[in-house]
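Since the structure comes first, as structure tokens, the remarks are kept for the end.
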Amino acid sequence: MIRIRVEFFAMLREHAGRANEDIETDAGTAAELYAELSGRHSFPAIGSMKVAINQEFADLDSRLADGDAVVFIPPVAGG
Amino acid sequence: MIRIRVEFFAMLREHAGRANEDIETDAGTAAELYAELSGRHSFPAIGSMKVAINQEFADLDSRLADGDAVVFIPPVAGG
Amino acid sequence: MSSFGFSADPLDPARYRQLLIDDACGGFVSFEGWVRNHNDNRPVVRLEYQAYEELGRKEGQRVLEEARQKFEISSALCVHRVGALEIGDMAVWVGVSAHHRDAAFKACRYIIDEIKHRVPIWKKEHYADGDSGWINC
Amino acid sequence: MSSFGFSADPLDPARYRQLLIDDACGGFVSFEGWVRNHNDNRPVVRLEYQAYEELGRKEGQRVLEEARQKFEISSALCVHRVGALEIGDMAVWVGVSAHHRDAAFKACRYIIDEIKHRVPIWKKEHYADGDSGWINC
């Protein structure tokens with residue numbers, strides 16, 4: 001089990017009902033963690049999801065380490 | 001002989017020493033008028049000269065008519 | 001100078017413009033994104049921007065540095081609004097000064113295009129019919 | 001709205017910008033031409049713009065109308081300074097508002113490029129060494 005700090009934005013924040021969450025998980029990768037959170041919070045299907053680990057963009061297949069800060073990034077819409 | 005009102009700008013104004021001039025001329029075209037004025041005011045050689053007659057761009061070979069207002073337009077440099 | 005930032009207060013183009021003034025520069029181009037009263041023919045009454053600011057600042061700064069490398073510009077600045085916005089409010093401001101206008105135009109366009117695609121900012125539109133939704137999600 | 005004009009007084013971008021605001025517009029692009037302290041590596045101390053204003057207004061207006069036909073813009077405005085200018089003064093301002101930014105960028109660029117080539121305005125530069133000259137003549 002590793003301990004991960006997850007921060008939510010936009011639609012994910014609304015579905016989770018919170019801005020962040022500390023989670024103990026067996027997820028090995030960011031993608032596995034997202035699947036776990038999707039189930040728990042009933043996230044809608046969102047295409048082209050990205051992820052940031054420790055405030056840098058990362059691959060969804062990246063291995064997670066204990067203490068990582070993870071942010072899932074739905075398609076952006078600035079400007 | 002036709003009577004023409006000529007207005008000078010930029011380098012031409014400096015060489016003519018005046019902003020405008022009423023001239024009686026035998027010039028048939030704007031180009032001929034420019035040659036006459038060049039001689040009188042010692043205009044320097046300026047490439048790509050254009051002309052406006054009665055406040056519209058015109059061809060240098062345009063025939064002049066009595067009472068026309070003529071402006072010779074050296075290469076522009078706005079902006 | 002090149003700098004990217006977020007602002008929870010209304011954007012102030014006159015102030016940002018001052019930061020880019022340089023006597024060696026002959027051209028200045030700015031872009032402003034305004035909140036439109038419609039999107040895809042649907043009347044919009046207000047909207048909300050939310051940003052992942054820590055990463056957004058890094059990525060925005062990277063975009064500005066790329067613009068400086070690609071184009072011969074002197075200074076560039078971009079500020080993106082966050083929070084609740086009304087119709088007509090300014091959502092984003094980009095300004096670029098350069099010796100020549102060609103570089104200023106190209107860099108300004110590059111910056112806004114990249115900012116829109118890469119910086120983690122999300123927009124929620126509230127429609128006249130009471131519905132609302134996060135764009136692109 | 002599209003309008004071209006000359007001004008003997010310092011240009012006022014904040015005021016011009018106001019004239020282009022439109023709730024249906026999502027993008028606004030402006031260009032400012034500033035008096036640089038050099039030209040072709042020669043130090044410039046001040047300069048003077050002279051315009052054939054009657055024809056200049058017509059030609060400037062034609063440029064703006066062309067921009068409206070070529071690009072999907074809402075409003076466009078261009079004001080060119082005449083008279084004596086110091087380093088850092090604004091020589092020309094162009095602003096365009098549009099539903100989408102692509103049209104605003106393209107129209108703004110088109111307008112300044114055409115204005116520079118077609119509108120009868122002349123520039124006399126005064127150099128640090130006391131020399132001066134009309135550009136392009």
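Going through the structure tokens in order, the chains are called A, B, and so on, while each chain numbers its residues from 1 and the ligands are numbered from 1 in the order shown.
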DSSP-assigned strand (DSSP E or B) among chain B, expressed as a ChimeraX atom specification: /B:2-7,20-25,29,50-53,56-58,63,69-73
Quick one: everything within 8 Å of A:Val70, counting only C-alpha atoms, minus sequence neighbours fewer than 5 positions away in the same chain. Send it as a PDB file with N, CA, C and O atoms, in the first residue's frame.
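Writing the result to result_2.pdb gives the following:
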ATOM      1  N   ILE A   4      -1.113   8.318  -1.358  1.00  0.00           N
ATOM      2  CA  ILE A   4      -1.089   9.289  -2.449  1.00  0.00           C
ATOM      3  C   ILE A   4      -1.989  10.468  -2.096  1.00  0.00           C
ATOM      4  O   ILE A   4      -3.089  10.281  -1.572  1.00  0.00           O
ATOM      5  N   ARG A   5      -1.510  11.683  -2.422  1.00  0.00           N
ATOM      6  CA  ARG A   5      -2.367  12.868  -2.265  1.00  0.00           C
ATOM      7  C   ARG A   5      -2.902  13.227  -3.655  1.00  0.00           C
ATOM      8  O   ARG A   5      -2.121  13.506  -4.560  1.00  0.00           O
ATOM      9  N   VAL A   6      -4.224  13.158  -3.797  1.00  0.00           N
ATOM     10  CA  VAL A   6      -4.849  13.469  -5.087  1.00  0.00           C
ATOM     11  C   VAL A   6      -5.562  14.808  -4.996  1.00  0.00           C
ATOM     12  O   VAL A   6      -6.245  15.087  -4.000  1.00  0.00           O
ATOM     13  N   GLU A   7      -5.382  15.639  -6.035  1.00  0.00           N
ATOM     14  CA  GLU A   7      -6.115  16.906  -6.095  1.00  0.00           C
ATOM     15  C   GLU A   7      -7.039  16.856  -7.306  1.00  0.00           C
ATOM     16  O   GLU A   7      -6.646  16.395  -8.379  1.00  0.00           O
ATOM     17  N   ALA A  30      -0.568   5.468 -12.450  1.00  0.00           N
ATOM     18  CA  ALA A  30      -1.558   6.541 -12.411  1.00  0.00           C
ATOM     19  C   ALA A  30      -2.870   6.075 -13.031  1.00  0.00           C
ATOM     20  O   ALA A  30      -3.959   6.396 -12.538  1.00  0.00           O
ATOM     21  N   VAL A  51      -2.206  13.290 -16.837  1.00  0.00           N
ATOM     22  CA  VAL A  51      -1.924  13.255 -15.403  1.00  0.00           C
ATOM     23  C   VAL A  51      -0.652  14.049 -15.100  1.00  0.00           C
ATOM     24  O   VAL A  51       0.239  14.173 -15.951  1.00  0.00           O
ATOM     25  N   ALA A  52      -0.634  14.639 -13.918  1.00  0.00           N
ATOM     26  CA  ALA A  52       0.590  15.264 -13.410  1.00  0.00           C
ATOM     27  C   ALA A  52       0.953  14.564 -12.111  1.00  0.00           C
ATOM     28  O   ALA A  52       0.087  14.265 -11.281  1.00  0.00           O
ATOM     29  N   ILE A  53       2.235  14.266 -11.977  1.00  0.00           N
ATOM     30  CA  ILE A  53       2.731  13.679 -10.737  1.00  0.00           C
ATOM     31  C   ILE A  53       3.781  14.614 -10.161  1.00  0.00           C
ATOM     32  O   ILE A  53       4.715  15.019 -10.859  1.00  0.00           O
ATOM     33  N   ASN A  54       3.581  15.000  -8.909  1.00  0.00           N
ATOM     34  CA  ASN A  54       4.483  15.936  -8.247  1.00  0.00           C
ATOM     35  C   ASN A  54       4.705  17.197  -9.085  1.00  0.00           C
ATOM     36  O   ASN A  54       5.836  17.648  -9.296  1.00  0.00           O
ATOM     37  N   GLN A  55       3.588  17.735  -9.602  1.00  0.00           N
ATOM     38  CA  GLN A  55       3.564  19.010 -10.320  1.00  0.00           C
ATOM     39  C   GLN A  55       4.330  19.022 -11.630  1.00  0.00           C
ATOM     40  O   GLN A  55       4.805  20.066 -12.069  1.00  0.00           O
TER      41      GLN A  55
END
Counting only C-alpha atoms, collect the residues of chain C whose closest atom lies at most 12 Å from chain B, and write them out as a PyMOL selection string. chain C and resi 26-28+100-101
Write out the residues from the selection above, keeping N, CA, C and O atoms, as a PDB file, in the first residue's frame.
ATOM      1  N   GLY C  26       9.845  48.388 -31.864  1.00  0.00           N
ATOM      2  CA  GLY C  26       9.015  49.131 -32.802  1.00  0.00           C
ATOM      3  C   GLY C  26       7.610  48.576 -32.911  1.00  0.00           C
ATOM      4  O   GLY C  26       6.743  49.215 -33.497  1.00  0.00           O
ATOM      5  N   GLY C  27       7.398  47.377 -32.368  1.00  0.00           N
ATOM      6  CA  GLY C  27       6.079  46.783 -32.522  1.00  0.00           C
ATOM      7  C   GLY C  27       5.590  46.115 -31.247  1.00  0.00           C
ATOM      8  O   GLY C  27       6.374  45.514 -30.497  1.00  0.00           O
ATOM      9  N   PHE C  28       4.298  46.226 -31.010  1.00  0.00           N
ATOM     10  CA  PHE C  28       3.669  45.621 -29.837  1.00  0.00           C
ATOM     11  C   PHE C  28       2.339  45.025 -30.288  1.00  0.00           C
ATOM     12  O   PHE C  28       1.534  45.707 -30.929  1.00  0.00           O
ATOM     13  N   HIS C 100      10.548  44.186 -34.481  1.00  0.00           N
ATOM     14  CA  HIS C 100       9.754  44.236 -35.704  1.00  0.00           C
ATOM     15  C   HIS C 100       8.410  43.536 -35.510  1.00  0.00           C
ATOM     16  O   HIS C 100       8.301  42.577 -34.760  1.00  0.00           O
ATOM     17  N   ARG C 101       7.406  43.993 -36.238  1.00  0.00           N
ATOM     18  CA  ARG C 101       6.047  43.520 -35.994  1.00  0.00           C
ATOM     19  C   ARG C 101       5.834  42.061 -36.352  1.00  0.00           C
ATOM     20  O   ARG C 101       5.008  41.390 -35.739  1.00  0.00           O
TER      21      ARG C 101
END
Considering only C-alpha atoms, extract the chain D residues located within 6 Å of chain C and return them as a PyMOL selection string. chain D and resi 23-37+88
Emit the selected residues as a PDB file, in the first residue's frame, including C-alpha atoms.
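result_17.pdb was written with the following content:
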ATOM      1  CA  ASP D  23     -20.465  41.070 -26.169  1.00  0.00           C
ATOM      2  CA  ALA D  24     -20.640  38.738 -29.156  1.00  0.00           C
ATOM      3  CA  CYS D  25     -16.863  38.872 -29.603  1.00  0.00           C
ATOM      4  CA  GLY D  26     -14.443  36.399 -28.087  1.00  0.00           C
ATOM      5  CA  GLY D  27     -11.206  37.812 -29.399  1.00  0.00           C
ATOM      6  CA  PHE D  28      -9.502  41.186 -29.659  1.00  0.00           C
ATOM      7  CA  VAL D  29      -6.103  41.833 -31.220  1.00  0.00           C
ATOM      8  CA  SER D  30      -4.306  45.151 -31.248  1.00  0.00           C
ATOM      9  CA  PHE D  31      -1.080  46.344 -32.789  1.00  0.00           C
ATOM     10  CA  GLU D  32       0.898  49.379 -31.687  1.00  0.00           C
ATOM     11  CA  GLY D  33       3.772  50.846 -33.663  1.00  0.00           C
ATOM     12  CA  TRP D  34       6.255  52.557 -31.373  1.00  0.00           C
ATOM     13  CA  VAL D  35       9.014  55.007 -32.275  1.00  0.00           C
ATOM     14  CA  ARG D  36      12.221  53.023 -31.879  1.00  0.00           C
ATOM     15  CA  ASN D  37      15.478  54.542 -30.698  1.00  0.00           C
ATOM     16  CA  GLY D  88       8.608  55.549 -27.319  1.00  0.00           C
TER      17      GLY D  88
END
Which neighbours of stretch 56-66 of chain B fall inside 12 Å, counting only C-alpha atoms, when residues of the same chain fewer than 6 positions from it are skipped, and could you give them as a PyMOL selection string? (chain B and resi 1-6+22-35+48-50+72-73) or (chain D and resi 52-59+118-120)
Quick one: chain B onto chain A, least squares on all Cα paired in order, result as a compact mmCIF listing (two decimals) with N, CA and C atoms, in the first residue's frame?
# COMPACT_ATOMS: atom_id res chain seq x y z
N MET B 1 0.86 -1.20 -0.05
CA MET B 1 0.02 0.01 -0.02
C MET B 1 0.91 1.26 0.00
N ILE B 2 0.53 2.22 -0.91
CA ILE B 2 1.24 3.51 -0.88
C ILE B 2 0.22 4.59 -0.57
N ARG B 3 0.73 5.68 -0.07
CA ARG B 3 -0.15 6.78 0.29
C ARG B 3 0.03 7.88 -0.78
N ILE B 4 -1.10 8.32 -1.37
CA ILE B 4 -1.08 9.30 -2.46
C ILE B 4 -1.98 10.47 -2.09
N ARG B 5 -1.51 11.68 -2.42
CA ARG B 5 -2.38 12.86 -2.26
C ARG B 5 -2.91 13.22 -3.66
N VAL B 6 -4.22 13.16 -3.80
CA VAL B 6 -4.85 13.47 -5.09
C VAL B 6 -5.56 14.81 -5.00
N GLU B 7 -5.38 15.63 -6.03
CA GLU B 7 -6.12 16.90 -6.09
C GLU B 7 -7.05 16.86 -7.30
N PHE B 8 -8.28 17.34 -7.12
CA PHE B 8 -9.28 17.27 -8.18
C PHE B 8 -9.58 18.65 -8.75
N PHE B 9 -9.81 18.70 -10.07
CA PHE B 9 -10.22 19.95 -10.71
C PHE B 9 -11.43 19.72 -11.60
N ALA B 10 -12.12 20.80 -11.86
CA ALA B 10 -13.21 20.84 -12.85
C ALA B 10 -14.25 19.76 -12.56
N MET B 11 -14.63 19.03 -13.60
CA MET B 11 -15.68 18.03 -13.45
C MET B 11 -15.33 16.97 -12.41
N LEU B 12 -14.06 16.64 -12.32
CA LEU B 12 -13.66 15.63 -11.34
C LEU B 12 -13.91 16.13 -9.92
N ARG B 13 -13.63 17.39 -9.69
CA ARG B 13 -13.86 17.96 -8.36
C ARG B 13 -15.35 17.91 -8.02
N GLU B 14 -16.18 18.23 -9.00
CA GLU B 14 -17.62 18.20 -8.73
C GLU B 14 -18.09 16.79 -8.42
N HIS B 15 -17.58 15.81 -9.16
CA HIS B 15 -18.01 14.45 -8.92
C HIS B 15 -17.47 13.90 -7.60
N ALA B 16 -16.25 14.27 -7.26
CA ALA B 16 -15.67 13.79 -6.00
C ALA B 16 -16.26 14.53 -4.81
N GLY B 17 -16.80 15.74 -5.09
CA GLY B 17 -17.37 16.53 -4.01
C GLY B 17 -16.31 17.10 -3.07
N ARG B 18 -15.07 17.17 -3.56
CA ARG B 18 -13.99 17.68 -2.73
C ARG B 18 -12.83 18.08 -3.64
N ALA B 19 -11.94 18.92 -3.12
CA ALA B 19 -10.82 19.41 -3.93
C ALA B 19 -9.63 18.47 -3.84
N ASN B 20 -9.51 17.73 -2.75
CA ASN B 20 -8.40 16.78 -2.68
C ASN B 20 -8.69 15.64 -1.71
N GLU B 21 -7.86 14.65 -1.78
CA GLU B 21 -8.14 13.42 -1.05
C GLU B 21 -6.81 12.69 -0.81
N ASP B 22 -6.60 12.21 0.41
CA ASP B 22 -5.44 11.36 0.70
C ASP B 22 -5.93 9.92 0.64
N ILE B 23 -5.24 9.14 -0.17
CA ILE B 23 -5.74 7.80 -0.40
C ILE B 23 -4.62 6.78 -0.22
N GLU B 24 -4.96 5.64 0.41
CA GLU B 24 -4.02 4.51 0.48
C GLU B 24 -4.47 3.51 -0.57
N THR B 25 -3.56 3.13 -1.41
CA THR B 25 -3.96 2.35 -2.58
C THR B 25 -2.93 1.29 -2.94
N ASP B 26 -3.41 0.28 -3.66
CA ASP B 26 -2.51 -0.73 -4.23
C ASP B 26 -2.22 -0.43 -5.69
N ALA B 27 -2.78 0.65 -6.20
CA ALA B 27 -2.57 0.99 -7.61
C ALA B 27 -1.08 1.12 -7.90
N GLY B 28 -0.63 0.49 -9.00
CA GLY B 28 0.78 0.57 -9.36
C GLY B 28 1.07 1.76 -10.25
N THR B 29 0.08 2.14 -11.05
CA THR B 29 0.29 3.25 -11.99
C THR B 29 -0.80 4.30 -11.82
N ALA B 30 -0.57 5.47 -12.45
CA ALA B 30 -1.56 6.53 -12.40
C ALA B 30 -2.87 6.06 -13.03
N ALA B 31 -2.77 5.28 -14.11
CA ALA B 31 -3.98 4.80 -14.78
C ALA B 31 -4.79 3.90 -13.85
N GLU B 32 -4.10 3.06 -13.10
CA GLU B 32 -4.81 2.18 -12.17
C GLU B 32 -5.46 2.99 -11.05
N LEU B 33 -4.76 4.02 -10.61
CA LEU B 33 -5.35 4.87 -9.57
C LEU B 33 -6.60 5.57 -10.09
N TYR B 34 -6.52 6.01 -11.36
CA TYR B 34 -7.69 6.70 -11.93
C TYR B 34 -8.88 5.75 -12.01
N ALA B 35 -8.62 4.50 -12.39
CA ALA B 35 -9.71 3.52 -12.46
C ALA B 35 -10.33 3.33 -11.08
N GLU B 36 -9.50 3.26 -10.06
CA GLU B 36 -10.00 3.07 -8.69
C GLU B 36 -10.86 4.26 -8.27
N LEU B 37 -10.37 5.48 -8.55
CA LEU B 37 -11.11 6.69 -8.16
C LEU B 37 -12.39 6.84 -8.97
N SER B 38 -12.31 6.46 -10.24
CA SER B 38 -13.50 6.53 -11.09
C SER B 38 -14.64 5.69 -10.52
N GLY B 39 -14.27 4.51 -10.06
CA GLY B 39 -15.27 3.63 -9.47
C GLY B 39 -15.85 4.26 -8.21
N ARG B 40 -14.97 4.75 -7.38
CA ARG B 40 -15.42 5.28 -6.09
C ARG B 40 -16.29 6.53 -6.24
N HIS B 41 -15.92 7.44 -7.19
CA HIS B 41 -16.62 8.73 -7.32
C HIS B 41 -17.54 8.80 -8.53
N SER B 42 -17.69 7.67 -9.23
CA SER B 42 -18.56 7.66 -10.42
C SER B 42 -18.18 8.75 -11.41
N PHE B 43 -16.87 8.87 -11.69
CA PHE B 43 -16.46 9.83 -12.71
C PHE B 43 -17.07 9.44 -14.04
N PRO B 44 -17.51 10.44 -14.82
CA PRO B 44 -18.01 10.13 -16.17
C PRO B 44 -16.82 9.75 -17.06
N ALA B 45 -17.11 9.14 -18.18
CA ALA B 45 -16.04 8.81 -19.13
C ALA B 45 -15.51 10.11 -19.73
N ILE B 46 -14.22 10.34 -19.61
CA ILE B 46 -13.61 11.55 -20.17
C ILE B 46 -12.46 11.11 -21.06
N GLY B 47 -12.50 11.53 -22.33
CA GLY B 47 -11.43 11.15 -23.26
C GLY B 47 -10.18 11.98 -23.02
N SER B 48 -9.05 11.46 -23.48
CA SER B 48 -7.79 12.21 -23.45
C SER B 48 -7.40 12.72 -22.07
N MET B 49 -7.62 11.90 -21.06
CA MET B 49 -7.19 12.29 -19.71
C MET B 49 -5.66 12.31 -19.64
N LYS B 50 -5.13 13.33 -18.96
CA LYS B 50 -3.69 13.38 -18.71
C LYS B 50 -3.46 13.35 -17.20
N VAL B 51 -2.21 13.30 -16.82
CA VAL B 51 -1.93 13.26 -15.38
C VAL B 51 -0.66 14.06 -15.08
N ALA B 52 -0.65 14.64 -13.91
CA ALA B 52 0.57 15.26 -13.39
C ALA B 52 0.95 14.56 -12.09
N ILE B 53 2.23 14.26 -11.96
CA ILE B 53 2.72 13.67 -10.72
C ILE B 53 3.77 14.61 -10.15
N ASN B 54 3.56 15.00 -8.90
CA ASN B 54 4.47 15.94 -8.23
C ASN B 54 4.70 17.20 -9.07
N GLN B 55 3.56 17.71 -9.56
CA GLN B 55 3.53 18.99 -10.29
C GLN B 55 4.30 19.00 -11.60
N GLU B 56 4.42 17.83 -12.23
CA GLU B 56 4.92 17.78 -13.60
C GLU B 56 4.07 16.80 -14.40
N PHE B 57 3.86 17.13 -15.68
CA PHE B 57 3.13 16.20 -16.53
C PHE B 57 3.84 14.85 -16.53
N ALA B 58 3.06 13.78 -16.54
CA ALA B 58 3.63 12.42 -16.51
C ALA B 58 2.79 11.52 -17.39
N ASP B 59 3.32 10.33 -17.63
CA ASP B 59 2.58 9.35 -18.42
C ASP B 59 1.58 8.63 -17.51
N LEU B 60 0.43 8.27 -18.07
CA LEU B 60 -0.57 7.55 -17.26
C LEU B 60 -0.04 6.19 -16.81
N ASP B 61 0.95 5.67 -17.53
CA ASP B 61 1.52 4.38 -17.14
C ASP B 61 2.66 4.53 -16.12
N SER B 62 2.93 5.78 -15.71
CA SER B 62 4.01 5.99 -14.72
C SER B 62 3.72 5.22 -13.44
N ARG B 63 4.77 4.65 -12.85
CA ARG B 63 4.65 3.97 -11.56
C ARG B 63 4.47 5.02 -10.48
N LEU B 64 3.59 4.77 -9.57
CA LEU B 64 3.41 5.68 -8.44
C LEU B 64 4.30 5.26 -7.28
N ALA B 65 4.74 6.26 -6.52
CA ALA B 65 5.57 6.00 -5.34
C ALA B 65 4.88 6.59 -4.11
N ASP B 66 5.17 6.02 -3.00
CA ASP B 66 4.58 6.50 -1.75
C ASP B 66 4.84 8.00 -1.59
N GLY B 67 3.79 8.74 -1.27
CA GLY B 67 3.95 10.17 -1.05
C GLY B 67 3.76 11.03 -2.29
N ASP B 68 3.52 10.40 -3.44
CA ASP B 68 3.32 11.19 -4.66
C ASP B 68 2.06 12.07 -4.56
N ALA B 69 2.15 13.24 -5.20
CA ALA B 69 0.97 14.11 -5.37
C ALA B 69 0.50 13.94 -6.80
N VAL B 70 -0.76 13.55 -6.97
CA VAL B 70 -1.28 13.22 -8.30
C VAL B 70 -2.46 14.12 -8.64
N VAL B 71 -2.44 14.63 -9.88
CA VAL B 71 -3.56 15.42 -10.38
C VAL B 71 -3.97 14.88 -11.74
N PHE B 72 -5.21 14.49 -11.89
CA PHE B 72 -5.72 14.05 -13.19
C PHE B 72 -6.21 15.27 -13.94
N ILE B 73 -5.85 15.35 -15.22
CA ILE B 73 -6.08 16.56 -16.01
C ILE B 73 -6.98 16.26 -17.19
N PRO B 74 -8.29 16.57 -17.06
CA PRO B 74 -9.19 16.42 -18.21
C PRO B 74 -8.78 17.43 -19.29
N PRO B 75 -9.30 17.26 -20.50
CA PRO B 75 -8.97 18.21 -21.58
C PRO B 75 -9.15 19.66 -21.10
N VAL B 76 -8.17 20.48 -21.38
CA VAL B 76 -8.18 21.85 -20.86
C VAL B 76 -8.99 22.77 -21.78
N ALA B 77 -9.37 23.92 -21.25
CA ALA B 77 -10.20 24.86 -22.03
C ALA B 77 -9.93 26.28 -21.57
N GLY B 78 -8.66 26.67 -21.63
CA GLY B 78 -8.34 28.04 -21.24
C GLY B 78 -8.62 29.01 -22.37
N GLY B 79 -8.43 30.27 -22.07
CA GLY B 79 -8.52 31.31 -23.10
C GLY B 79 -9.93 31.73 -23.40
In Å to one decimal, how far is atom CA of D:Ile73 from atom CA of D:Ile121? 25.9 Å
Give me, as a PyMOL selection string, all polymer residues having an atom no more than 6 Å from stretch 79-82 of chain D, counting only C-alpha atoms and skipping those fewer than 5 positions away in the same chain. chain D and resi 4-8+49-50+91-93
Limited to C-alpha atoms, could you put the picked residues into a file as an mmCIF file, in the first residue's frame?
data_model
loop_
_atom_site.group_PDB
_atom_site.id
_atom_site.type_symbol
_atom_site.label_atom_id
_atom_site.label_comp_id
_atom_site.auth_asym_id
_atom_site.auth_seq_id
_atom_site.Cartn_x
_atom_site.Cartn_y
_atom_site.Cartn_z
ATOM 1 C CA PHE D 4 -9.473 55.040 -39.993
ATOM 2 C CA GLY D 5 -8.218 58.401 -38.795
ATOM 3 C CA PHE D 6 -5.245 60.633 -38.120
ATOM 4 C CA SER D 7 -4.398 62.259 -34.812
ATOM 5 C CA ALA D 8 -2.084 65.179 -34.067
ATOM 6 C CA TYR D 49 5.057 62.052 -39.640
ATOM 7 C CA GLN D 50 3.380 63.991 -42.393
ATOM 8 C CA ALA D 91 2.905 56.087 -34.162
ATOM 9 C CA VAL D 92 -0.027 53.883 -35.066
ATOM 10 C CA TRP D 93 -2.714 51.822 -33.342
#
List as a short mmCIF file (atom, residue, chain, number, x, y, z; two decimals) with all heavy atoms, in the first residue's frame the protein and nucleic acid residues near C:Met1, meaning an atom at most 10 Å away when only C-alpha atoms are counted, but skip any in the same chain fewer than 4 places from it.
data_model
loop_
_atom_site.label_atom_id
_atom_site.label_comp_id
_atom_site.auth_asym_id
_atom_site.auth_seq_id
_atom_site.Cartn_x
_atom_site.Cartn_y
_atom_site.Cartn_z
N LEU C 19 4.45 47.15 -18.73
CA LEU C 19 5.58 46.28 -18.38
C LEU C 19 6.38 45.86 -19.61
O LEU C 19 7.50 45.37 -19.49
CB LEU C 19 5.06 45.03 -17.66
CG LEU C 19 4.32 45.29 -16.34
CD1 LEU C 19 3.70 44.00 -15.83
CD2 LEU C 19 5.28 45.86 -15.30
N LEU C 20 5.79 46.02 -20.79
CA LEU C 20 6.45 45.54 -22.01
C LEU C 20 7.11 46.66 -22.80
O LEU C 20 7.75 46.42 -23.83
CB LEU C 20 5.43 44.82 -22.89
CG LEU C 20 4.79 43.59 -22.25
CD1 LEU C 20 3.79 42.96 -23.21
CD2 LEU C 20 5.85 42.57 -21.87
N LEU C 64 6.04 30.69 -22.92
CA LEU C 64 6.66 32.00 -23.18
C LEU C 64 8.13 31.85 -23.56
O LEU C 64 8.63 32.54 -24.45
CB LEU C 64 6.51 32.91 -21.96
CG LEU C 64 5.07 33.30 -21.62
CD1 LEU C 64 5.04 34.13 -20.34
CD2 LEU C 64 4.44 34.11 -22.75
N GLU C 65 8.82 30.94 -22.91
CA GLU C 65 10.24 30.73 -23.25
C GLU C 65 10.36 30.18 -24.67
O GLU C 65 11.27 30.56 -25.42
CB GLU C 65 10.90 29.77 -22.26
CG GLU C 65 11.06 30.34 -20.86
CD GLU C 65 11.91 31.60 -20.84
OE1 GLU C 65 12.79 31.76 -21.70
OE2 GLU C 65 11.64 32.46 -19.97
N ARG C 68 10.07 32.97 -27.07
CA ARG C 68 11.30 33.78 -27.13
C ARG C 68 12.36 33.09 -27.97
O ARG C 68 13.19 33.75 -28.60
CB ARG C 68 11.86 34.03 -25.73
CG ARG C 68 11.01 34.98 -24.93
CD ARG C 68 11.49 35.02 -23.49
NE ARG C 68 12.81 35.59 -23.37
CZ ARG C 68 13.04 36.89 -23.17
NH1 ARG C 68 12.04 37.71 -23.07
NH2 ARG C 68 14.27 37.33 -23.06
N ILE C 73 11.74 38.32 -30.21
CA ILE C 73 10.93 39.27 -29.44
C ILE C 73 11.73 39.80 -28.27
O ILE C 73 12.76 39.23 -27.88
CB ILE C 73 9.62 38.62 -28.94
CG1 ILE C 73 9.92 37.46 -27.98
CG2 ILE C 73 8.80 38.14 -30.12
CD1 ILE C 73 8.67 36.85 -27.37
N SER C 74 11.24 40.89 -27.73
CA SER C 74 11.91 41.50 -26.58
C SER C 74 11.28 41.00 -25.28
O SER C 74 11.96 40.47 -24.42
CB SER C 74 11.81 43.01 -26.70
OG SER C 74 12.23 43.62 -25.50
N SER C 75 9.97 41.18 -25.16
CA SER C 75 9.28 40.80 -23.93
C SER C 75 7.93 40.18 -24.24
O SER C 75 7.32 40.49 -25.27
CB SER C 75 9.04 42.03 -23.04
OG SER C 75 10.25 42.66 -22.71
N ALA C 76 7.47 39.33 -23.34
CA ALA C 76 6.16 38.71 -23.51
C ALA C 76 5.54 38.50 -22.14
O ALA C 76 6.24 38.19 -21.16
CB ALA C 76 6.27 37.38 -24.24
N LEU C 77 4.24 38.69 -22.08
CA LEU C 77 3.52 38.54 -20.82
C LEU C 77 2.16 37.93 -21.10
O LEU C 77 1.52 38.27 -22.09
CB LEU C 77 3.35 39.93 -20.18
CG LEU C 77 2.60 40.04 -18.85
CD1 LEU C 77 3.33 39.32 -17.73
CD2 LEU C 77 2.45 41.51 -18.46
N VAL C 96 3.08 41.12 -26.46
CA VAL C 96 4.45 40.86 -26.93
C VAL C 96 5.02 42.14 -27.53
O VAL C 96 4.37 42.77 -28.37
CB VAL C 96 4.47 39.75 -28.01
CG1 VAL C 96 5.88 39.54 -28.53
CG2 VAL C 96 3.90 38.45 -27.46
N SER C 97 6.23 42.50 -27.15
CA SER C 97 6.93 43.61 -27.80
C SER C 97 8.15 43.06 -28.52
O SER C 97 8.75 42.07 -28.09
CB SER C 97 7.33 44.69 -26.79
OG SER C 97 8.18 44.16 -25.80
#
Going by DSSP on the backbone, which bits of chain A are helix (DSSP H, G or I)? Write them as a PyMOL selection string, please. chain A and resi 10-16+30-41
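One distance worth recording is that between atom CA of D:Leu85 and atom CA of D:Ile135, which is 14.9 Å.
Note that the spacing between atom CA of C:Ser132 and atom CA of C:Ile115 amounts to 23.7 Å.
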